[in-house]
Every structure is written in structure tokens, then in C-alpha cells.
Amino acid sequence: MGVGGQRHSPCPALSKTQIANYNTPDNDCAFIPYDTATLFRDLRYPDDIVWMPANPVFRDEAVKQVRETFARLHNFSPTDERALRVFVFNESMQLVDNMGIALRLLLGFIGALTLAIGGVGLANIMLVSVTERTREIGVLKSIGATRRSILGQFLLEAFAIVTAGGAIGVAGGYAVTWLLGTLPLLGPLFQDTSGAGDIHLQISTFAIVASTVLLETVGLVAGLLPAIKAARLDPIEALRYE
């Protein structure tokens with residue numbers, strides 16, 4: 001077991017990016033053997049004891065046993081949490097994970113709302129296009145165009161619009177990622193130039209594929225109603241349209 005003491009000139013070669021610490025960051029400590037530390041101070045009542053269970057599966061049982069052991073040695077109730085404070089880092093990590101999940105849900109909701117608004121806009125654009133091209137549709141039907149071909153034409157136009165928009169978005173994402181690269185987070189705080197504690201921006205292939213599939217689905221749904229409307233137009237009425 002090692003006991004830490006403060007020092008004033010941390011070694012840059014051993015710099016450690018560290019959020020959690022035991023009163024003093026490791027960069028500001030010198031670690032000595034337990035037996036050596038007993039020569040300088042009475043360690044019967046240490047400030048902190050750092051330990052970890054042999055298997056994370058038994059963490060709760062290990063915490064219970066530690067409380068019971070200290071309660072027996074120092075004559076207090078094992079259920080008295082004010083007598084002995086056990087800080088479980090796993091609980092803090094769970095809190096951070098929950099915050100990350102909440103952030104993902106928020107971003108997912110914003111993305112879904114954006115796609116819904118984009119889908120409504122695309123549907124309106126396609127409906128206006130059908131109205132403006134009514135005579136063209138009438139001409140196509142009069143020379144033998146089937147409902148299926150008209151339907152396919154307008155669906156392809158909707159797919160072309162969303163595909164072009166998606167390609168522009170992906171290109172913009174790559175450009176921003178390339179320009180920013182890495183966002184400093186813990187590096188400047190701990191004077192660490194390794195980049196271990198910074199945010200590294202990356203675009204995954206899965207994200208591109210998933211967003212493309214979702215975007216094309218929105219394009220299909222948004223373009224389906226205008227395409228059906230165009231396919232069902234009566235050719236005689238369409239030719240008379242002004």
C-alpha cells in the first residue's frame with residue numbers, strides 16, 4: 001500500500017490527466033511504501049484508503065464487508081454512513097453515462113424534429129411541383145405513360161433531392177471535423193499535451209449509413225403523397241389545366 005505526500009515540482013514525464021483524486025492529484029504527490037510512511041506519522045487513522053474488489057461483480061458485497069470490518073474495529077454501526085464514507089467510483093461513472101445517454105436522447109430528438117420539418121418541406125415542394133407540371137403530366141399520360149412510371153418519376157425526384165442534401169451535409173460534417181480536429185478539454189487544465197483528455201472528433205461509417213437510410217426513408221414518405229397525386233391525375237383534366 002502506498003501513501004501519498006505533497007511535493008512542489010511534478011515531473012512532466014509522469015504527468016497524469018486525472019479528474020478524480022484523493023485530496024491531491026497524483027501529479028503533486030510522491031508515493032512511498034506503507035512501512036516507510038509509518039516512520040513519519042501514525043497511520044492508525046488514515047485520511048483515505050484506496051481499494052478495489054478482486055472482481056467487480058462482488059463490489060456491493062465488498063463494500064458491505066469493508067463497512068462491517070471497520071465498524072467492528074472502531075465500534076460503530078455498519079449502517080452508520082456518517083461514520084465511514086465509502087465513495088464508489090462506479091456510481092460516478094454511472095452518473096456520467098446517464099448524462100451521456102440523456103445528451104444522446106436530446107440530440108436524437110432534435111435530429112428527428114429536424115427531419116420531420118425537412119420532410120414536410122419536401123412534401124410541400126413536391127406538391128407545388130405536381131401542380132406546376134400538371135399539363136406536363138397530362139401530356140405524358142396522353143402518349144402512353146402509366147401510373148407506375150409517373151409515380152416512379154416523382155419518387156426518384158424526391159430521392160434525388162434528399163440524396164443531394166445528405167451529400168452536402170456529410171461533406172459539411174467532414175469539413176468541420178477536419179477543421180476542428182481536436183477540441184481541448186482536460187489537456188490545458190493539466191498541462192498535458194498528449195491529447196488523452198481532449199475530445200477527438202470523428203465521423204463513423206455507421207453514422208453515415210444510418211443517417212443515409214433514415215434520410216432516404218424520410219424522402220420516400222415525403223414524396224409518396226405528391227407522387228400518388230400525380231399518378232392519379234386524369235389526363236384530359238390535366239391537359240385542360242391552366
# chains A, B, ... in the order shown; residues from 1 in each chain; ligands from 1
call {"tool": "residues_around", "arguments": {"residues": "Pro78 of chain A", "least_positions_apart": "2", "cutoff": "12 Å", "atoms": "only C-alpha atoms", "output": "count of residues only"}}
result
21
call {"tool": "atom_distance", "arguments": {"atom1": "atom CA of Gly223 of chain A", "atom2": "atom CA of Gly165 of chain A"}}
result
14.7 Å
call {"tool": "residues_around", "arguments": {"residues": "segment 230-240 of chain A", "least_positions_apart": "3", "cutoff": "8 Å", "atoms": "only C-alpha atoms", "output": "list in words"}}
result
Val130, Thr134, Arg135, Glu136, Ile137, Gly138, Val139, Lys141, Ser142, Thr146, Arg147, Arg148, Ile150, Leu151, Phe154, Pro226 and Ala227 of chain A
call {"tool": "write_last_selection", "arguments": {"atoms": "N, CA, C and O atoms", "output": "compact mmCIF listing (two decimals), in the first residue's frame"}}
result
# COMPACT_ATOMS: atom_id res chain seq x y z
N VAL A 130 -45.96 19.18 -58.57
CA VAL A 130 -47.03 18.46 -59.26
C VAL A 130 -48.04 19.45 -59.84
O VAL A 130 -48.50 19.30 -60.99
N THR A 134 -48.76 20.01 -64.04
CA THR A 134 -49.97 19.24 -64.33
C THR A 134 -50.14 18.98 -65.83
O THR A 134 -50.43 17.86 -66.25
N ARG A 135 -49.96 20.01 -66.66
CA ARG A 135 -50.08 19.83 -68.11
C ARG A 135 -49.02 18.86 -68.63
O ARG A 135 -49.29 18.04 -69.52
N GLU A 136 -47.80 18.94 -68.07
CA GLU A 136 -46.75 18.01 -68.48
C GLU A 136 -47.15 16.57 -68.17
O GLU A 136 -46.93 15.66 -68.98
N ILE A 137 -47.75 16.37 -67.00
CA ILE A 137 -48.20 15.03 -66.62
C ILE A 137 -49.30 14.56 -67.57
O ILE A 137 -49.35 13.39 -67.99
N GLY A 138 -50.19 15.50 -67.93
CA GLY A 138 -51.25 15.15 -68.89
C GLY A 138 -50.69 14.74 -70.23
O GLY A 138 -51.18 13.78 -70.85
N VAL A 139 -49.66 15.44 -70.71
CA VAL A 139 -49.03 15.09 -71.98
C VAL A 139 -48.39 13.71 -71.88
O VAL A 139 -48.52 12.87 -72.80
N LYS A 141 -49.17 11.22 -69.94
CA LYS A 141 -50.19 10.17 -69.89
C LYS A 141 -50.86 9.99 -71.25
O LYS A 141 -51.24 8.87 -71.63
N SER A 142 -51.02 11.10 -71.98
CA SER A 142 -51.69 11.00 -73.29
C SER A 142 -50.85 10.24 -74.30
O SER A 142 -51.40 9.70 -75.28
N THR A 146 -47.70 5.31 -67.93
CA THR A 146 -48.56 4.63 -66.96
C THR A 146 -48.49 5.33 -65.60
O THR A 146 -47.62 6.16 -65.34
N ARG A 147 -49.41 4.94 -64.73
CA ARG A 147 -49.40 5.49 -63.37
C ARG A 147 -48.10 5.13 -62.65
O ARG A 147 -47.55 5.94 -61.91
N ARG A 148 -47.65 3.90 -62.89
CA ARG A 148 -46.43 3.44 -62.23
C ARG A 148 -45.22 4.28 -62.65
O ARG A 148 -44.38 4.63 -61.83
N ILE A 150 -45.25 7.43 -63.78
CA ILE A 150 -45.38 8.77 -63.18
C ILE A 150 -45.02 8.72 -61.71
O ILE A 150 -44.29 9.60 -61.19
N LEU A 151 -45.53 7.70 -61.03
CA LEU A 151 -45.21 7.54 -59.60
C LEU A 151 -43.71 7.41 -59.40
O LEU A 151 -43.11 8.05 -58.53
N PHE A 154 -41.67 10.81 -59.90
CA PHE A 154 -41.70 11.78 -58.79
C PHE A 154 -41.01 11.25 -57.54
O PHE A 154 -40.40 12.02 -56.79
N PRO A 226 -47.29 13.29 -52.91
CA PRO A 226 -47.30 14.02 -54.19
C PRO A 226 -47.20 13.11 -55.40
O PRO A 226 -47.82 13.36 -56.44
N ALA A 227 -46.39 12.02 -55.29
CA ALA A 227 -46.26 11.10 -56.42
C ALA A 227 -47.57 10.38 -56.71
O ALA A 227 -47.95 10.20 -57.88
call {"tool": "residues_around", "arguments": {"residues": "Gly166 of chain A", "least_positions_apart": "3", "cutoff": "10 Å", "atoms": "only C-alpha atoms", "output": "PyMOL selection string"}}
result
chain A and resi 160-163+169-172+208+211-212+215-216
call {"tool": "write_last_selection", "arguments": {"atoms": "all heavy atoms", "output": "CSV table (one decimal), in the first residue's frame"}}
result
chain,number,residue,atom,x,y,z
A,160,ALA,N,-33.7,12.1,-55.2
A,160,ALA,CA,-32.6,12.9,-55.7
A,160,ALA,C,-32.4,14.1,-54.8
A,160,ALA,O,-31.2,14.5,-54.5
A,160,ALA,CB,-32.8,13.4,-57.2
A,161,ILE,N,-33.5,14.8,-54.4
A,161,ILE,CA,-33.4,16.0,-53.5
A,161,ILE,C,-32.8,15.6,-52.2
A,161,ILE,O,-31.8,16.3,-51.7
A,161,ILE,CB,-34.8,16.6,-53.4
A,161,ILE,CG1,-35.3,17.2,-54.7
A,161,ILE,CG2,-34.7,17.7,-52.3
A,161,ILE,CD1,-36.7,17.7,-54.6
A,162,VAL,N,-33.3,14.5,-51.6
A,162,VAL,CA,-32.7,14.2,-50.2
A,162,VAL,C,-31.3,13.7,-50.3
A,162,VAL,O,-30.5,13.9,-49.4
A,162,VAL,CB,-33.7,13.2,-49.5
A,162,VAL,CG1,-35.0,13.8,-49.3
A,162,VAL,CG2,-33.8,11.9,-50.3
A,163,THR,N,-31.0,13.0,-51.4
A,163,THR,CA,-29.6,12.5,-51.6
A,163,THR,C,-28.6,13.6,-51.7
A,163,THR,O,-27.6,13.6,-51.1
A,163,THR,CB,-29.5,11.5,-52.8
A,163,THR,OG1,-30.4,10.4,-52.6
A,163,THR,CG2,-28.1,11.0,-52.9
A,169,GLY,N,-24.6,17.6,-46.6
A,169,GLY,CA,-24.5,17.5,-45.1
A,169,GLY,C,-23.3,16.7,-44.7
A,169,GLY,O,-22.5,17.1,-43.8
A,170,VAL,N,-23.1,15.6,-45.3
A,170,VAL,CA,-21.9,14.7,-45.0
A,170,VAL,C,-20.6,15.4,-45.3
A,170,VAL,O,-19.6,15.4,-44.5
A,170,VAL,CB,-22.0,13.4,-45.7
A,170,VAL,CG1,-20.7,12.6,-45.6
A,170,VAL,CG2,-23.1,12.5,-45.2
A,171,ALA,N,-20.6,16.1,-46.5
A,171,ALA,CA,-19.4,16.9,-46.9
A,171,ALA,C,-19.1,18.0,-45.9
A,171,ALA,O,-18.0,18.2,-45.5
A,171,ALA,CB,-19.5,17.4,-48.3
A,172,GLY,N,-20.2,18.7,-45.4
A,172,GLY,CA,-20.0,19.7,-44.4
A,172,GLY,C,-19.5,19.2,-43.1
A,172,GLY,O,-18.7,19.8,-42.4
A,208,ILE,N,-22.9,7.5,-40.9
A,208,ILE,CA,-23.2,7.9,-42.3
A,208,ILE,C,-24.3,7.0,-42.9
A,208,ILE,O,-25.2,7.4,-43.5
A,208,ILE,CB,-21.9,7.9,-43.1
A,208,ILE,CG1,-21.0,9.0,-42.6
A,208,ILE,CG2,-22.3,8.2,-44.6
A,208,ILE,CD1,-19.6,9.0,-43.4
A,211,SER,N,-27.7,7.4,-41.1
A,211,SER,CA,-28.3,8.7,-41.4
A,211,SER,C,-28.8,8.7,-42.9
A,211,SER,O,-29.9,9.3,-43.2
A,211,SER,CB,-27.4,9.9,-41.2
A,211,SER,OG,-26.2,9.7,-42.0
A,212,THR,N,-28.1,8.0,-43.8
A,212,THR,CA,-28.5,7.9,-45.2
A,212,THR,C,-29.8,7.1,-45.3
A,212,THR,O,-30.7,7.5,-46.0
A,212,THR,CB,-27.4,7.3,-46.0
A,212,THR,OG1,-26.2,8.1,-45.9
A,212,THR,CG2,-27.8,7.2,-47.5
A,215,LEU,N,-32.6,9.2,-43.9
A,215,LEU,CA,-32.9,10.3,-44.8
A,215,LEU,C,-33.7,9.8,-46.0
A,215,LEU,O,-34.6,10.5,-46.5
A,215,LEU,CB,-31.6,11.0,-45.2
A,215,LEU,CG,-31.7,12.3,-46.0
A,215,LEU,CD1,-32.4,13.4,-45.1
A,215,LEU,CD2,-30.4,12.9,-46.4
A,216,GLU,N,-33.2,8.7,-46.6
A,216,GLU,CA,-34.0,8.2,-47.8
A,216,GLU,C,-35.4,7.8,-47.4
A,216,GLU,O,-36.3,7.9,-48.2
A,216,GLU,CB,-33.2,7.0,-48.4
A,216,GLU,CG,-31.8,7.4,-48.9
A,216,GLU,CD,-31.9,8.3,-50.1
A,216,GLU,OE1,-32.9,8.4,-50.7
A,216,GLU,OE2,-30.8,8.9,-50.4
call {"tool": "select_by_dssp", "arguments": {"residues": "segment 51-207 of chain A", "states": "alpha helix (DSSP H)", "output": "NGL selection string"}}
result
:A and (59-74 or 89-132 or 134-142 or 147-180 or 187-190 or 205-207)
call {"tool": "closest_residue", "arguments": {"among": "A:Thr182, A:Ala164, A:Thr217, A:Thr131", "to": "Lys229 of chain A", "atoms": "only C-alpha atoms"}}
result
A:Thr131
call {"tool": "closest_residue", "arguments": {"among": "A:Leu225, A:Ile110, A:Ala54, A:Ile32", "to": "Met126 of chain A", "atoms": "only C-alpha atoms"}}
result
A:Leu225
call {"tool": "residues_around", "arguments": {"residues": "Leu201 of chain A", "least_positions_apart": "2", "cutoff": "9 Å", "atoms": "only C-alpha atoms", "output": "list in words"}}
result
Thr177, Trp178, Leu180, Gly181, Thr182, Leu183, Ile199 and Ile203 of chain A
call {"tool": "atom_distance", "arguments": {"atom1": "atom CA of Leu106 of chain A", "atom2": "atom CA of Ala158 of chain A"}}
result
28.2 Å
call {"tool": "atom_distance", "arguments": {"atom1": "atom CA of Ala123 of chain A", "atom2": "atom CA of Gln153 of chain A"}}
result
14.8 Å
call {"tool": "closest_residue", "arguments": {"among": "A:Leu95, A:Ala62, A:Val218, A:Ile228", "to": "Leu113 of chain A", "atoms": "only C-alpha atoms"}}
result
A:Val218
call {"tool": "residues_around", "arguments": {"residues": "segment 41-49 of chain A", "least_positions_apart": "6", "cutoff": "9 Å", "atoms": "only C-alpha atoms", "output": "ChimeraX atom specification"}}
result
/A:22-23,34
call {"tool": "decode", "arguments": {"residues": "segment 28-41 of chain A", "atoms": "all heavy atoms", "output": "PDB file, in the first residue's frame"}}
result
ATOM      1  N   ASP A  28       0.956  15.879  -8.062  1.00  0.00           N
ATOM      2  CA  ASP A  28       1.507  16.663  -6.960  1.00  0.00           C
ATOM      3  C   ASP A  28       1.851  15.779  -5.761  1.00  0.00           C
ATOM      4  O   ASP A  28       1.945  16.269  -4.637  1.00  0.00           O
ATOM      5  CB  ASP A  28       0.507  17.740  -6.524  1.00  0.00           C
ATOM      6  CG  ASP A  28       0.199  18.724  -7.638  1.00  0.00           C
ATOM      7  OD1 ASP A  28       1.100  18.983  -8.457  1.00  0.00           O
ATOM      8  OD2 ASP A  28      -0.930  19.239  -7.699  1.00  0.00           O
ATOM      9  N   CYS A  29       2.024  14.491  -6.000  1.00  0.00           N
ATOM     10  CA  CYS A  29       2.289  13.566  -4.896  1.00  0.00           C
ATOM     11  C   CYS A  29       3.568  12.761  -5.154  1.00  0.00           C
ATOM     12  O   CYS A  29       3.969  12.552  -6.296  1.00  0.00           O
ATOM     13  CB  CYS A  29       1.122  12.587  -4.724  1.00  0.00           C
ATOM     14  SG  CYS A  29      -0.398  13.353  -4.138  1.00  0.00           S
ATOM     15  N   ALA A  30       4.188  12.358  -4.059  1.00  0.00           N
ATOM     16  CA  ALA A  30       5.275  11.378  -4.109  1.00  0.00           C
ATOM     17  C   ALA A  30       4.807  10.156  -3.330  1.00  0.00           C
ATOM     18  O   ALA A  30       4.281  10.285  -2.217  1.00  0.00           O
ATOM     19  CB  ALA A  30       6.547  11.941  -3.490  1.00  0.00           C
ATOM     20  N   PHE A  31       4.949   8.971  -3.896  1.00  0.00           N
ATOM     21  CA  PHE A  31       4.424   7.760  -3.286  1.00  0.00           C
ATOM     22  C   PHE A  31       5.566   6.963  -2.654  1.00  0.00           C
ATOM     23  O   PHE A  31       6.606   6.725  -3.282  1.00  0.00           O
ATOM     24  CB  PHE A  31       3.709   6.911  -4.347  1.00  0.00           C
ATOM     25  CG  PHE A  31       2.466   7.568  -4.868  1.00  0.00           C
ATOM     26  CD1 PHE A  31       2.524   8.410  -5.968  1.00  0.00           C
ATOM     27  CD2 PHE A  31       1.253   7.349  -4.247  1.00  0.00           C
ATOM     28  CE1 PHE A  31       1.376   9.022  -6.445  1.00  0.00           C
ATOM     29  CE2 PHE A  31       0.098   7.957  -4.711  1.00  0.00           C
ATOM     30  CZ  PHE A  31       0.167   8.799  -5.819  1.00  0.00           C
ATOM     31  N   ILE A  32       5.352   6.584  -1.399  1.00  0.00           N
ATOM     32  CA  ILE A  32       6.359   5.837  -0.648  1.00  0.00           C
ATOM     33  C   ILE A  32       5.702   4.597  -0.059  1.00  0.00           C
ATOM     34  O   ILE A  32       4.475   4.548   0.103  1.00  0.00           O
ATOM     35  CB  ILE A  32       6.980   6.689   0.476  1.00  0.00           C
ATOM     36  CG1 ILE A  32       5.891   7.141   1.458  1.00  0.00           C
ATOM     37  CG2 ILE A  32       7.724   7.889  -0.102  1.00  0.00           C
ATOM     38  CD1 ILE A  32       6.441   7.922   2.645  1.00  0.00           C
ATOM     39  N   PRO A  33       6.489   3.560   0.288  1.00  0.00           N
ATOM     40  CA  PRO A  33       5.908   2.347   0.872  1.00  0.00           C
ATOM     41  C   PRO A  33       5.219   2.628   2.199  1.00  0.00           C
ATOM     42  O   PRO A  33       5.567   3.580   2.917  1.00  0.00           O
ATOM     43  CB  PRO A  33       7.121   1.430   1.054  1.00  0.00           C
ATOM     44  CG  PRO A  33       8.129   1.935   0.075  1.00  0.00           C
ATOM     45  CD  PRO A  33       7.924   3.406   0.005  1.00  0.00           C
ATOM     46  N   TYR A  34       4.247   1.803   2.524  1.00  0.00           N
ATOM     47  CA  TYR A  34       3.473   1.972   3.757  1.00  0.00           C
ATOM     48  C   TYR A  34       4.373   1.905   4.986  1.00  0.00           C
ATOM     49  O   TYR A  34       4.247   2.721   5.897  1.00  0.00           O
ATOM     50  CB  TYR A  34       2.388   0.892   3.819  1.00  0.00           C
ATOM     51  CG  TYR A  34       1.505   0.982   5.026  1.00  0.00           C
ATOM     52  CD1 TYR A  34       0.391   1.813   5.030  1.00  0.00           C
ATOM     53  CD2 TYR A  34       1.776   0.221   6.167  1.00  0.00           C
ATOM     54  CE1 TYR A  34      -0.425   1.890   6.149  1.00  0.00           C
ATOM     55  CE2 TYR A  34       0.959   0.290   7.278  1.00  0.00           C
ATOM     56  CZ  TYR A  34      -0.142   1.133   7.263  1.00  0.00           C
ATOM     57  OH  TYR A  34      -0.945   1.212   8.366  1.00  0.00           O
ATOM     58  N   ASP A  35       5.282   0.931   5.020  1.00  0.00           N
ATOM     59  CA  ASP A  35       6.154   0.783   6.188  1.00  0.00           C
ATOM     60  C   ASP A  35       7.030   2.016   6.374  1.00  0.00           C
ATOM     61  O   ASP A  35       7.311   2.435   7.508  1.00  0.00           O
ATOM     62  CB  ASP A  35       7.037  -0.462   6.047  1.00  0.00           C
ATOM     63  CG  ASP A  35       6.221  -1.750   6.106  1.00  0.00           C
ATOM     64  OD1 ASP A  35       5.109  -1.696   6.670  1.00  0.00           O
ATOM     65  OD2 ASP A  35       6.688  -2.779   5.584  1.00  0.00           O
ATOM     66  N   THR A  36       7.489   2.604   5.272  1.00  0.00           N
ATOM     67  CA  THR A  36       8.301   3.828   5.380  1.00  0.00           C
ATOM     68  C   THR A  36       7.471   4.980   5.909  1.00  0.00           C
ATOM     69  O   THR A  36       7.947   5.803   6.715  1.00  0.00           O
ATOM     70  CB  THR A  36       8.881   4.180   4.003  1.00  0.00           C
ATOM     71  OG1 THR A  36       9.612   3.065   3.496  1.00  0.00           O
ATOM     72  CG2 THR A  36       9.792   5.391   4.093  1.00  0.00           C
ATOM     73  N   ALA A  37       6.208   5.067   5.486  1.00  0.00           N
ATOM     74  CA  ALA A  37       5.349   6.163   5.936  1.00  0.00           C
ATOM     75  C   ALA A  37       5.088   6.104   7.432  1.00  0.00           C
ATOM     76  O   ALA A  37       4.907   7.139   8.084  1.00  0.00           O
ATOM     77  CB  ALA A  37       4.035   6.135   5.165  1.00  0.00           C
ATOM     78  N   THR A  38       5.092   4.902   8.019  1.00  0.00           N
ATOM     79  CA  THR A  38       4.854   4.780   9.459  1.00  0.00           C
ATOM     80  C   THR A  38       5.977   5.403  10.282  1.00  0.00           C
ATOM     81  O   THR A  38       5.797   5.688  11.474  1.00  0.00           O
ATOM     82  CB  THR A  38       4.712   3.299   9.847  1.00  0.00           C
ATOM     83  OG1 THR A  38       5.893   2.584   9.451  1.00  0.00           O
ATOM     84  CG2 THR A  38       3.514   2.672   9.174  1.00  0.00           C
ATOM     85  N   LEU A  39       7.138   5.640   9.668  1.00  0.00           N
ATOM     86  CA  LEU A  39       8.235   6.299  10.378  1.00  0.00           C
ATOM     87  C   LEU A  39       7.989   7.784  10.549  1.00  0.00           C
ATOM     88  O   LEU A  39       8.601   8.424  11.412  1.00  0.00           O
ATOM     89  CB  LEU A  39       9.556   6.077   9.623  1.00  0.00           C
ATOM     90  CG  LEU A  39       9.986   4.618   9.409  1.00  0.00           C
ATOM     91  CD1 LEU A  39      11.254   4.572   8.553  1.00  0.00           C
ATOM     92  CD2 LEU A  39      10.225   3.934  10.753  1.00  0.00           C
ATOM     93  N   PHE A  40       7.114   8.361   9.736  1.00  0.00           N
ATOM     94  CA  PHE A  40       6.882   9.806   9.761  1.00  0.00           C
ATOM     95  C   PHE A  40       5.580  10.208  10.434  1.00  0.00           C
ATOM     96  O   PHE A  40       5.465  11.328  10.917  1.00  0.00           O
ATOM     97  CB  PHE A  40       6.886  10.350   8.327  1.00  0.00           C
ATOM     98  CG  PHE A  40       8.177  10.126   7.591  1.00  0.00           C
ATOM     99  CD1 PHE A  40       8.329   9.044   6.743  1.00  0.00           C
ATOM    100  CD2 PHE A  40       9.249  10.987   7.770  1.00  0.00           C
ATOM    101  CE1 PHE A  40       9.522   8.819   6.074  1.00  0.00           C
ATOM    102  CE2 PHE A  40      10.442  10.770   7.108  1.00  0.00           C
ATOM    103  CZ  PHE A  40      10.583   9.691   6.257  1.00  0.00           C
ATOM    104  N   ARG A  41       4.607   9.309  10.462  1.00  0.00           N
ATOM    105  CA  ARG A  41       3.324   9.678  11.080  1.00  0.00           C
ATOM    106  C   ARG A  41       2.591   8.414  11.511  1.00  0.00           C
ATOM    107  O   ARG A  41       2.888   7.304  11.061  1.00  0.00           O
ATOM    108  CB  ARG A  41       2.445  10.480  10.119  1.00  0.00           C
ATOM    109  CG  ARG A  41       2.156   9.773   8.817  1.00  0.00           C
ATOM    110  CD  ARG A  41       1.180  10.537   7.952  1.00  0.00           C
ATOM    111  NE  ARG A  41      -0.139  10.612   8.567  1.00  0.00           N
ATOM    112  CZ  ARG A  41      -1.214  11.108   7.959  1.00  0.00           C
ATOM    113  NH1 ARG A  41      -1.101  11.594   6.738  1.00  0.00           N
ATOM    114  NH2 ARG A  41      -2.385  11.125   8.548  1.00  0.00           N
TER     115      ARG A  41
END
